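See below for the structure under consideration.
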Amino acid sequence: MAQHRQGSQAWRDWCDGEGSDDDDDDGEEGVGGVLSAFVCPITMEVMRDPVVVETGHAFEREAIARWFSACVEDGARPRCPVTMEPVDGADLKPVMALRAAIEEWTDRRDSAELRGACRWLTKAASEKEALRGLDRVMRGWSGARVGKRVVRRDGMVPMVAAMLRSGSARVRLRALQALREFAREGDEYRESVSDGDTIRTIVKFIDHEDCQERDLAVSVLCELSKSELVCERISDLNGAILILGKVACSKAQNPALAEEAEMTLENLERCEKNVLQMAENGRLEPLLNLLSEGSPERQLRIASSLEKIVLSNDLKNLVAQRVGLLFAGVVENGTLQAKEVAFKVLDHISSNTESAKVLIEDGILLPLFRVLSVDGVKFLPPRLQEAAAAVLSNLVACGVDFGTVPLDDNRTIVSEDIVHSLLHLISNTSPPIQCKLLEIFVVLSSSTTTVLSITSAIRSSGAITNLVQFVESDHQESRAASIKLLCKISFAMDHEIAQVLRSSPTLLGCLVRIISDNDADADEQDAALQVLANLPKRDRRLTMELMEQGAFKYVARRVLSICRRGVTSNAFDSTMLEGLVKVLARITYILREEPRCVALSREYNLASLFTSLLRLNGLDGVQVLSAKALVNLSVESRYMTGTPNFDEHDQKSVLTWFGKKQPGIQLCRVHSGICSIRDNFCILEGKAVERLVACLSHQNKKVAEASLAALCTILGDGVEIAEGVSVLSRANAIEPIFEILKGNPTGTLQQRATWAVERILRAENIAKAASGDRGLSSALVHAFQNGDTKTRRIAEAALKHINKLPTFSQIIDRHPSRRGSSIGSMERYFRSDR
């Protein structure tokens, strides 16, 4: 007995250093509540792997092995810790019955402990109780053999999930940790966790500002998303994908969290509904993957969803890059249903310039042309023809040079036979498709690289008649597109357009009604105006038809209105004004033949109006047109100069009156009659000369040339040239005219400047002063040597005026008559303006 007590004391002393106590924090379970046979005498804990030694005592295998090792280290034989009797250290026999009894007892204890925790997993529990319950559950889950089974069987998963709605942040965090552990066990537990509104609560935490709760919530959802069923449940929660996408984009702030969110999204891609939601929220890659790899039925379904999604320009470009070739194949070879969906998607993504270019590079043009060709449309219903035309319209608007983009081996979309085919289709299809095709030609005609090909094909096909006839179409969009096309090609096909309009005055009337309609579309109105402006200006028949239609009266009132309120810097207003002035100037080209044009010019005082327009700096086109109109008006001045009326008893013969000015009558010095800017368009009135002189120094040579031509009308044959020179001298025009010639211009400007200088140098005082101007002499020599035949003759005469060439005959009259000389008339040299 003494030896036994001594062994027991040694065992207790060793236990004090090596053993461990039960630290159950709630104090309800300890060694006293356990059967002594289940407790290892060394560890004082319930045994898991009991073995028995020779003395009959049972111990935890690991604990007795350590005890025997300690005995050997002390140089003693292994002894029983209880009896201290020597034993065989290698003879450790498992006690299977004891082990089974312990396991059964442990399972009952753990089950009871887990079930006991349920009373604290309620809303009524305090924070401490809730945390204690969650700890019990986690301890049982991770340590007990029956923990997972009990948690699942006794419905503890939803109880833990319900603690997510606790008012305590600590409780919510512990609950999230528990749910994450549950989800890691497998799909069965993941589906159990996702029951009810747990997913909604977890997603709410993801969008929470608390970093710990957010991080744990993302981690939990990542685990849950490994179940396909849970993925479908997540798809039912509106906004979950969007919130996860936001977190996945926060790599700079929290890389680990962003990576987990990204993994969650990748897991969710297994559900097609989630893929569609991702696409709607800008994550398009999963949908494109399904579209590229799925069956034809699935591709059709996905494509149908894609065409309903509003895409940014970047996403349109992505779609074009990933599936552009796929849709190109569907356009040509797909079923009608697939083609309809493909056209809708292509129409959507081709509206962006960059994605349209990608589609063109992928060869979409040829399939589109084939389905739009005369043979192809027989197999397509009208709605698909219109959709194909809409896609092609978007593509041609992307700014690519279609003259260099191959359609097939040898042709482009602007090749003559291709254009002929599309023009033929315009004449044989419905208005909506006609409209789209016309819009295509409008865009192609807007490019300087393709407009010549388009105009050439239209001319060779004879389609201009059909195109002009669209002007009176009842389909407003087709009418507007055709007018815009005519505007684009009118610079090269003005005579062809004029021929059609002459044959059908009602077409011309339609254009006039459009420009005079206050409710008309501004772009269409401007295009119609430009078509009228570009018609051949010397076409008398068209001018008179425009007169009959009341076009000139409307245009004159419109120009007057613009001048009164002032012209804005808006480019559209400037273009509109230039077109109006160009139309109005038409009547100045047939004044001599048409008294009605003279009457209208007087009614609206057009000479004064064109003079006012010369002040519009920055509108070079308007200034050029106004100056040219003044040329035409001023040339007619000498034919319309008034003769004073006298009483019958004072009336004298014409010769007597011509030599003597009647007292009180102010006669024009240049035209030798009664002049006014309204009645006979004399530019000496209304400050026209001064404004024309101001334009001589304009940086735009066309403005200077037109202004010079107008001033030359008071130096021409049939007027008092010497007086005209005097007028120019007083207006300080001589030096600017000399400067123009000193710039050594070419072409028409050289001829006009040389002509004007020769007329001016007929004044002896000016010729004498100019003889020492080396710059002027050099310019005249240049014109004499390099000009055309007429210019050389005029330059020769001018050089003789300043004694730079000898005079061998009296052909050059140094004292010309008041009405000109034999050196050519002004009208001969300025016929291009007339």
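Each chain of the structure tokens is named A, B, ... in the order shown, its residues numbered from 1; ligands are numbered from 1 in display order.
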
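Shell of region 239-249 of chain A at 9 Å, with only C-alpha atoms counted and residues fewer than 4 places along the chain excluded, is Arg200, Val203, Lys204, Ile206, Asp207, Val218, Ile234, Ser235, Asn254, Pro255, Leu257, Ala258, Glu259, Glu260, Ala261, Glu262, Met263, Thr264, Leu265, Leu268, Asn274, Gln277, Met278, Asn281, Gly282 and Arg283 of chain A.
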
Restricting it to N, CA and C atoms, dump the selection as a PDB file, in the first residue's frame.
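Result saved to part_20.pdb:
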```
ATOM      1  N   ARG A 200     -29.640  37.096 -49.414  1.00  0.00           N
ATOM      2  CA  ARG A 200     -29.922  38.535 -49.440  1.00  0.00           C
ATOM      3  C   ARG A 200     -29.152  39.246 -48.321  1.00  0.00           C
ATOM      4  N   VAL A 203     -25.389  39.349 -49.118  1.00  0.00           N
ATOM      5  CA  VAL A 203     -25.101  40.363 -50.149  1.00  0.00           C
ATOM      6  C   VAL A 203     -25.196  41.766 -49.560  1.00  0.00           C
ATOM      7  N   LYS A 204     -26.132  41.921 -48.634  1.00  0.00           N
ATOM      8  CA  LYS A 204     -26.246  43.219 -47.967  1.00  0.00           C
ATOM      9  C   LYS A 204     -24.958  43.556 -47.230  1.00  0.00           C
ATOM     10  N   ILE A 206     -22.019  42.574 -48.097  1.00  0.00           N
ATOM     11  CA  ILE A 206     -20.981  42.871 -49.097  1.00  0.00           C
ATOM     12  C   ILE A 206     -21.013  44.344 -49.475  1.00  0.00           C
ATOM     13  N   ASP A 207     -22.208  44.889 -49.460  1.00  0.00           N
ATOM     14  CA  ASP A 207     -22.341  46.312 -49.789  1.00  0.00           C
ATOM     15  C   ASP A 207     -22.242  47.187 -48.548  1.00  0.00           C
ATOM     16  N   VAL A 218     -18.122  38.233 -48.463  1.00  0.00           N
ATOM     17  CA  VAL A 218     -17.605  37.840 -49.783  1.00  0.00           C
ATOM     18  C   VAL A 218     -17.062  36.417 -49.728  1.00  0.00           C
ATOM     19  N   ILE A 234     -28.774  32.809 -56.323  1.00  0.00           N
ATOM     20  CA  ILE A 234     -28.152  34.143 -56.333  1.00  0.00           C
ATOM     21  C   ILE A 234     -28.659  34.954 -57.517  1.00  0.00           C
ATOM     22  N   SER A 235     -28.911  34.281 -58.651  1.00  0.00           N
ATOM     23  CA  SER A 235     -29.395  34.994 -59.843  1.00  0.00           C
ATOM     24  C   SER A 235     -30.766  35.615 -59.608  1.00  0.00           C
ATOM     25  N   ASN A 254      -8.160  46.591 -52.232  1.00  0.00           N
ATOM     26  CA  ASN A 254      -8.134  45.337 -51.470  1.00  0.00           C
ATOM     27  C   ASN A 254      -7.985  44.165 -52.452  1.00  0.00           C
ATOM     28  N   PRO A 255      -6.756  43.824 -52.824  1.00  0.00           N
ATOM     29  CA  PRO A 255      -6.542  42.782 -53.839  1.00  0.00           C
ATOM     30  C   PRO A 255      -7.135  41.430 -53.454  1.00  0.00           C
ATOM     31  N   LEU A 257      -9.650  40.701 -51.407  1.00  0.00           N
ATOM     32  CA  LEU A 257     -11.106  40.735 -51.477  1.00  0.00           C
ATOM     33  C   LEU A 257     -11.580  40.737 -52.928  1.00  0.00           C
ATOM     34  N   ALA A 258     -10.918  41.520 -53.758  1.00  0.00           N
ATOM     35  CA  ALA A 258     -11.294  41.582 -55.173  1.00  0.00           C
ATOM     36  C   ALA A 258     -11.128  40.221 -55.840  1.00  0.00           C
ATOM     37  N   GLU A 259     -10.089  39.500 -55.443  1.00  0.00           N
ATOM     38  CA  GLU A 259      -9.852  38.178 -56.026  1.00  0.00           C
ATOM     39  C   GLU A 259     -10.960  37.206 -55.637  1.00  0.00           C
ATOM     40  N   GLU A 260     -11.408  37.270 -54.381  1.00  0.00           N
ATOM     41  CA  GLU A 260     -12.493  36.386 -53.957  1.00  0.00           C
ATOM     42  C   GLU A 260     -13.793  36.734 -54.678  1.00  0.00           C
ATOM     43  N   ALA A 261     -14.036  38.030 -54.853  1.00  0.00           N
ATOM     44  CA  ALA A 261     -15.239  38.444 -55.580  1.00  0.00           C
ATOM     45  C   ALA A 261     -15.176  37.967 -57.029  1.00  0.00           C
ATOM     46  N   GLU A 262     -13.981  38.049 -57.612  1.00  0.00           N
ATOM     47  CA  GLU A 262     -13.800  37.579 -58.989  1.00  0.00           C
ATOM     48  C   GLU A 262     -14.047  36.078 -59.083  1.00  0.00           C
ATOM     49  N   MET A 263     -13.548  35.328 -58.109  1.00  0.00           N
ATOM     50  CA  MET A 263     -13.776  33.880 -58.086  1.00  0.00           C
ATOM     51  C   MET A 263     -15.266  33.575 -57.949  1.00  0.00           C
ATOM     52  N   THR A 264     -15.962  34.377 -57.162  1.00  0.00           N
ATOM     53  CA  THR A 264     -17.399  34.180 -56.997  1.00  0.00           C
ATOM     54  C   THR A 264     -18.123  34.391 -58.318  1.00  0.00           C
ATOM     55  N   LEU A 265     -17.760  35.459 -59.021  1.00  0.00           N
ATOM     56  CA  LEU A 265     -18.380  35.732 -60.316  1.00  0.00           C
ATOM     57  C   LEU A 265     -18.101  34.608 -61.311  1.00  0.00           C
ATOM     58  N   LEU A 268     -20.394  31.859 -60.582  1.00  0.00           N
ATOM     59  CA  LEU A 268     -21.765  32.180 -60.966  1.00  0.00           C
ATOM     60  C   LEU A 268     -22.002  32.048 -62.461  1.00  0.00           C
ATOM     61  N   ASN A 274     -27.333  34.181 -64.589  1.00  0.00           N
ATOM     62  CA  ASN A 274     -26.294  35.051 -64.039  1.00  0.00           C
ATOM     63  C   ASN A 274     -25.462  35.675 -65.144  1.00  0.00           C
ATOM     64  N   GLN A 277     -27.255  38.580 -66.515  1.00  0.00           N
ATOM     65  CA  GLN A 277     -27.190  39.719 -65.599  1.00  0.00           C
ATOM     66  C   GLN A 277     -25.812  40.366 -65.631  1.00  0.00           C
ATOM     67  N   MET A 278     -24.768  39.544 -65.712  1.00  0.00           N
ATOM     68  CA  MET A 278     -23.414  40.099 -65.809  1.00  0.00           C
ATOM     69  C   MET A 278     -23.274  40.952 -67.066  1.00  0.00           C
ATOM     70  N   ASN A 281     -24.702  44.255 -66.752  1.00  0.00           N
ATOM     71  CA  ASN A 281     -23.923  45.117 -65.869  1.00  0.00           C
ATOM     72  C   ASN A 281     -22.498  45.328 -66.363  1.00  0.00           C
ATOM     73  N   GLY A 282     -22.274  45.068 -67.644  1.00  0.00           N
ATOM     74  CA  GLY A 282     -20.989  45.396 -68.257  1.00  0.00           C
ATOM     75  C   GLY A 282     -19.962  44.293 -68.278  1.00  0.00           C
ATOM     76  N   ARG A 283     -20.280  43.110 -67.698  1.00  0.00           N
ATOM     77  CA  ARG A 283     -19.350  41.976 -67.715  1.00  0.00           C
ATOM     78  C   ARG A 283     -19.796  41.045 -68.840  1.00  0.00           C
TER      79      ARG A 283
END
```

**OP:** Just the residues within 9 Å of region 154-167 of chain A, please, counting only C-alpha atoms, with nothing from its chain fewer than 2 positions along; format it as a ChimeraX atom specification.
**Re:** /A:114-115,118,121-123,127,130,134,137,149-152,169-176,178-179,182,189,192-196,198,201-202

Subject >> Arg459 (chain A) surroundings by only C-alpha atoms, 12 Å radius, close-in-sequence under 2 positions cut, as a ChimeraX atom specification >> reply: /A:416,419-420,423,452-457,461-467,489-490,492-497

Grab the residues selected above and save them as a PDB file, in the first residue's frame with N, CA and C atoms.
```pdb
ATOM      1  N   GLU A 416     -18.335  50.126-109.979  1.00  0.00           N
ATOM      2  CA  GLU A 416     -19.475  50.528-110.803  1.00  0.00           C
ATOM      3  C   GLU A 416     -20.603  49.506-110.779  1.00  0.00           C
ATOM      4  N   VAL A 419     -22.424  49.564-107.381  1.00  0.00           N
ATOM      5  CA  VAL A 419     -23.298  50.739-107.257  1.00  0.00           C
ATOM      6  C   VAL A 419     -24.526  50.579-108.140  1.00  0.00           C
ATOM      7  N   HIS A 420     -24.329  50.047-109.363  1.00  0.00           N
ATOM      8  CA  HIS A 420     -25.473  49.812-110.256  1.00  0.00           C
ATOM      9  C   HIS A 420     -26.479  48.878-109.607  1.00  0.00           C
ATOM     10  N   LEU A 423     -28.339  50.745-106.880  1.00  0.00           N
ATOM     11  CA  LEU A 423     -29.248  51.718-107.485  1.00  0.00           C
ATOM     12  C   LEU A 423     -30.481  51.022-108.061  1.00  0.00           C
ATOM     13  N   LEU A 452     -16.510  60.694-106.543  1.00  0.00           N
ATOM     14  CA  LEU A 452     -16.358  60.641-107.998  1.00  0.00           C
ATOM     15  C   LEU A 452     -16.787  59.279-108.540  1.00  0.00           C
ATOM     16  N   SER A 453     -16.479  58.209-107.794  1.00  0.00           N
ATOM     17  CA  SER A 453     -16.920  56.876-108.216  1.00  0.00           C
ATOM     18  C   SER A 453     -18.448  56.786-108.193  1.00  0.00           C
ATOM     19  N   ILE A 454     -19.059  57.365-107.182  1.00  0.00           N
ATOM     20  CA  ILE A 454     -20.520  57.335-107.070  1.00  0.00           C
ATOM     21  C   ILE A 454     -21.162  58.127-108.207  1.00  0.00           C
ATOM     22  N   THR A 455     -20.676  59.336-108.444  1.00  0.00           N
ATOM     23  CA  THR A 455     -21.264  60.161-109.509  1.00  0.00           C
ATOM     24  C   THR A 455     -21.067  59.512-110.873  1.00  0.00           C
ATOM     25  N   SER A 456     -19.908  58.904-111.091  1.00  0.00           N
ATOM     26  CA  SER A 456     -19.664  58.236-112.370  1.00  0.00           C
ATOM     27  C   SER A 456     -20.622  57.074-112.568  1.00  0.00           C
ATOM     28  N   ALA A 457     -20.848  56.285-111.516  1.00  0.00           N
ATOM     29  CA  ALA A 457     -21.756  55.141-111.622  1.00  0.00           C
ATOM     30  C   ALA A 457     -23.201  55.598-111.810  1.00  0.00           C
ATOM     31  N   SER A 461     -25.327  54.716-115.161  1.00  0.00           N
ATOM     32  CA  SER A 461     -26.533  53.900-114.994  1.00  0.00           C
ATOM     33  C   SER A 461     -27.797  54.629-115.420  1.00  0.00           C
ATOM     34  N   GLY A 462     -27.716  55.952-115.568  1.00  0.00           N
ATOM     35  CA  GLY A 462     -28.902  56.722-115.901  1.00  0.00           C
ATOM     36  C   GLY A 462     -29.895  56.817-114.769  1.00  0.00           C
ATOM     37  N   ALA A 463     -29.420  56.609-113.543  1.00  0.00           N
ATOM     38  CA  ALA A 463     -30.331  56.575-112.387  1.00  0.00           C
ATOM     39  C   ALA A 463     -30.680  57.959-111.871  1.00  0.00           C
ATOM     40  N   ILE A 464     -30.088  59.003-112.438  1.00  0.00           N
ATOM     41  CA  ILE A 464     -30.320  60.343-111.895  1.00  0.00           C
ATOM     42  C   ILE A 464     -31.801  60.724-111.968  1.00  0.00           C
ATOM     43  N   THR A 465     -32.487  60.251-113.008  1.00  0.00           N
ATOM     44  CA  THR A 465     -33.914  60.580-113.129  1.00  0.00           C
ATOM     45  C   THR A 465     -34.698  60.037-111.945  1.00  0.00           C
ATOM     46  N   ASN A 466     -34.467  58.774-111.603  1.00  0.00           N
ATOM     47  CA  ASN A 466     -35.169  58.175-110.461  1.00  0.00           C
ATOM     48  C   ASN A 466     -34.800  58.869-109.160  1.00  0.00           C
ATOM     49  N   LEU A 467     -33.522  59.219-109.008  1.00  0.00           N
ATOM     50  CA  LEU A 467     -33.091  59.872-107.771  1.00  0.00           C
ATOM     51  C   LEU A 467     -33.753  61.231-107.602  1.00  0.00           C
ATOM     52  N   ILE A 489     -23.968  65.370-104.900  1.00  0.00           N
ATOM     53  CA  ILE A 489     -23.471  65.118-106.261  1.00  0.00           C
ATOM     54  C   ILE A 489     -23.761  66.265-107.218  1.00  0.00           C
ATOM     55  N   SER A 490     -24.446  67.294-106.749  1.00  0.00           N
ATOM     56  CA  SER A 490     -24.862  68.377-107.651  1.00  0.00           C
ATOM     57  C   SER A 490     -23.681  69.161-108.207  1.00  0.00           C
ATOM     58  N   ALA A 492     -21.072  67.956-109.466  1.00  0.00           N
ATOM     59  CA  ALA A 492     -20.568  67.261-110.652  1.00  0.00           C
ATOM     60  C   ALA A 492     -21.680  66.907-111.637  1.00  0.00           C
ATOM     61  N   MET A 493     -22.921  66.893-111.175  1.00  0.00           N
ATOM     62  CA  MET A 493     -24.030  66.472-112.033  1.00  0.00           C
ATOM     63  C   MET A 493     -25.103  67.553-112.113  1.00  0.00           C
ATOM     64  N   ASP A 494     -24.674  68.811-112.081  1.00  0.00           N
ATOM     65  CA  ASP A 494     -25.640  69.902-112.099  1.00  0.00           C
ATOM     66  C   ASP A 494     -26.452  69.923-113.396  1.00  0.00           C
ATOM     67  N   HIS A 495     -25.821  69.638-114.526  1.00  0.00           N
ATOM     68  CA  HIS A 495     -26.545  69.681-115.795  1.00  0.00           C
ATOM     69  C   HIS A 495     -27.530  68.515-115.902  1.00  0.00           C
ATOM     70  N   GLU A 496     -27.147  67.331-115.403  1.00  0.00           N
ATOM     71  CA  GLU A 496     -28.075  66.195-115.435  1.00  0.00           C
ATOM     72  C   GLU A 496     -29.281  66.450-114.537  1.00  0.00           C
ATOM     73  N   ILE A 497     -29.030  67.008-113.343  1.00  0.00           N
ATOM     74  CA  ILE A 497     -30.141  67.333-112.440  1.00  0.00           C
ATOM     75  C   ILE A 497     -31.035  68.394-113.051  1.00  0.00           C
TER      76      ILE A 497
END
```

**OP:** Provide the CA of Leu366 (chain A) to CA of Leu407 (chain A) distance in Å, to one decimal place.
**Re:** 5.6 Å

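The nearest approach to Arg136 (chain A) among the residues A:Leu532, A:Ala117, A:Cys597, A:Val635, with only C-alpha atoms taken into account, belongs to A:Ala117.
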
Original post:
Of the residues A:Ala551, A:Ala63, A:Ala100, A:Val310, which is the one nearest to Glu45 (chain A), using only C-alpha atoms?
Top reply: A:Ala63

Subject >> Contacts of region 500-507 of chain A at 10 Å (only C-alpha atoms; same-chain gap of 2+ positions) as a PyMOL selection string >> reply: chain A and resi 464-472+495-498+509-513+535+539+541-542+545-546+549

Subject >> Expected answer as a count of residues only: strand (DSSP E or B) residues in region 51-291 of chain A >> reply: 9

**OP:** From region 591-774 of chain A, collect each residue whose DSSP state is alpha helix (DSSP H) and return the set as a VMD selection string.
**Re:** chain A and resid 595 to 603 606 to 613 620 to 635 654 to 658 688 to 695 701 to 712 721 to 730 734 to 742 747 to 760 764 to 770 774

Original post:
What's the 9 Å shell around region 761-775 of chain A, counting only C-alpha atoms, without same-chain residues fewer than 3 positions away, as a ChimeraX atom specification?
Top reply: /A:721-722,725-726,738-739,742,756-758,778-780,798-799,801-804,813-816

With N, CA and C atoms kept, could you save the residues just selected as an mmCIF file, in the first residue's frame?
```cif
data_model
loop_
_atom_site.group_PDB
_atom_site.id
_atom_site.type_symbol
_atom_site.label_atom_id
_atom_site.label_comp_id
_atom_site.auth_asym_id
_atom_site.auth_seq_id
_atom_site.Cartn_x
_atom_site.Cartn_y
_atom_site.Cartn_z
ATOM 1 N N ILE A 721 -14.304 106.190 -119.044
ATOM 2 C CA ILE A 721 -13.192 105.502 -118.397
ATOM 3 C C ILE A 721 -12.400 106.450 -117.520
ATOM 4 N N ALA A 722 -12.138 107.639 -118.029
ATOM 5 C CA ALA A 722 -11.344 108.597 -117.260
ATOM 6 C C ALA A 722 -12.025 108.940 -115.951
ATOM 7 N N VAL A 725 -11.610 105.984 -113.616
ATOM 8 C CA VAL A 725 -10.293 105.997 -112.984
ATOM 9 C C VAL A 725 -10.256 107.015 -111.862
ATOM 10 N N SER A 726 -10.894 108.143 -112.102
ATOM 11 C CA SER A 726 -10.928 109.181 -111.068
ATOM 12 C C SER A 726 -11.683 108.695 -109.828
ATOM 13 N N PHE A 738 -2.759 97.757 -107.990
ATOM 14 C CA PHE A 738 -1.350 97.549 -108.352
ATOM 15 C C PHE A 738 -0.738 96.415 -107.530
ATOM 16 N N GLU A 739 -1.077 96.370 -106.233
ATOM 17 C CA GLU A 739 -0.507 95.344 -105.363
ATOM 18 C C GLU A 739 -0.939 93.944 -105.793
ATOM 19 N N LYS A 742 1.276 93.073 -108.574
ATOM 20 C CA LYS A 742 2.649 92.866 -108.110
ATOM 21 C C LYS A 742 2.835 91.484 -107.469
ATOM 22 N N ALA A 756 -7.154 95.838 -115.658
ATOM 23 C CA ALA A 756 -7.485 97.012 -114.848
ATOM 24 C C ALA A 756 -6.311 97.993 -114.804
ATOM 25 N N VAL A 757 -5.093 97.468 -114.648
ATOM 26 C CA VAL A 757 -3.917 98.349 -114.581
ATOM 27 C C VAL A 757 -3.737 99.105 -115.899
ATOM 28 N N GLU A 758 -3.944 98.419 -117.029
ATOM 29 C CA GLU A 758 -3.799 99.094 -118.321
ATOM 30 C C GLU A 758 -4.796 100.227 -118.438
ATOM 31 N N SER A 778 7.949 95.396 -113.038
ATOM 32 C CA SER A 778 8.328 93.986 -113.029
ATOM 33 C C SER A 778 7.106 93.092 -113.187
ATOM 34 N N ALA A 779 5.976 93.442 -112.522
ATOM 35 C CA ALA A 779 4.762 92.654 -112.623
ATOM 36 C C ALA A 779 4.206 92.687 -114.039
ATOM 37 N N LEU A 780 4.247 93.856 -114.695
ATOM 38 C CA LEU A 780 3.770 93.949 -116.069
ATOM 39 C C LEU A 780 4.662 93.154 -117.023
ATOM 40 N N ALA A 798 0.035 98.330 -121.456
ATOM 41 C CA ALA A 798 0.311 98.972 -120.175
ATOM 42 C C ALA A 798 1.777 99.394 -120.092
ATOM 43 N N LEU A 799 2.688 98.561 -120.570
ATOM 44 C CA LEU A 799 4.122 98.906 -120.539
ATOM 45 C C LEU A 799 4.410 100.122 -121.397
ATOM 46 N N HIS A 801 2.326 102.567 -121.782
ATOM 47 C CA HIS A 801 1.828 103.738 -121.045
ATOM 48 C C HIS A 801 2.900 104.292 -120.110
ATOM 49 N N ILE A 802 3.750 103.412 -119.552
ATOM 50 C CA ILE A 802 4.794 103.889 -118.617
ATOM 51 C C ILE A 802 6.161 103.914 -119.302
ATOM 52 N N ASN A 803 6.123 103.928 -120.662
ATOM 53 C CA ASN A 803 7.338 104.092 -121.466
ATOM 54 C C ASN A 803 8.364 102.988 -121.245
ATOM 55 N N LYS A 804 7.876 101.771 -121.018
ATOM 56 C CA LYS A 804 8.789 100.635 -120.899
ATOM 57 C C LYS A 804 8.942 99.897 -122.226
ATOM 58 N N ASP A 813 -3.950 104.296 -127.944
ATOM 59 C CA ASP A 813 -4.343 105.706 -127.831
ATOM 60 C C ASP A 813 -4.042 106.182 -126.424
ATOM 61 N N ARG A 814 -3.109 107.125 -126.334
ATOM 62 C CA ARG A 814 -2.774 107.641 -125.016
ATOM 63 C C ARG A 814 -3.847 108.583 -124.509
ATOM 64 N N HIS A 815 -4.739 108.972 -125.377
ATOM 65 C CA HIS A 815 -5.861 109.824 -124.958
ATOM 66 C C HIS A 815 -7.142 109.185 -125.453
ATOM 67 N N PRO A 816 -7.519 108.067 -124.825
ATOM 68 C CA PRO A 816 -8.691 107.345 -125.331
ATOM 69 C C PRO A 816 -9.960 108.155 -125.192
#
```
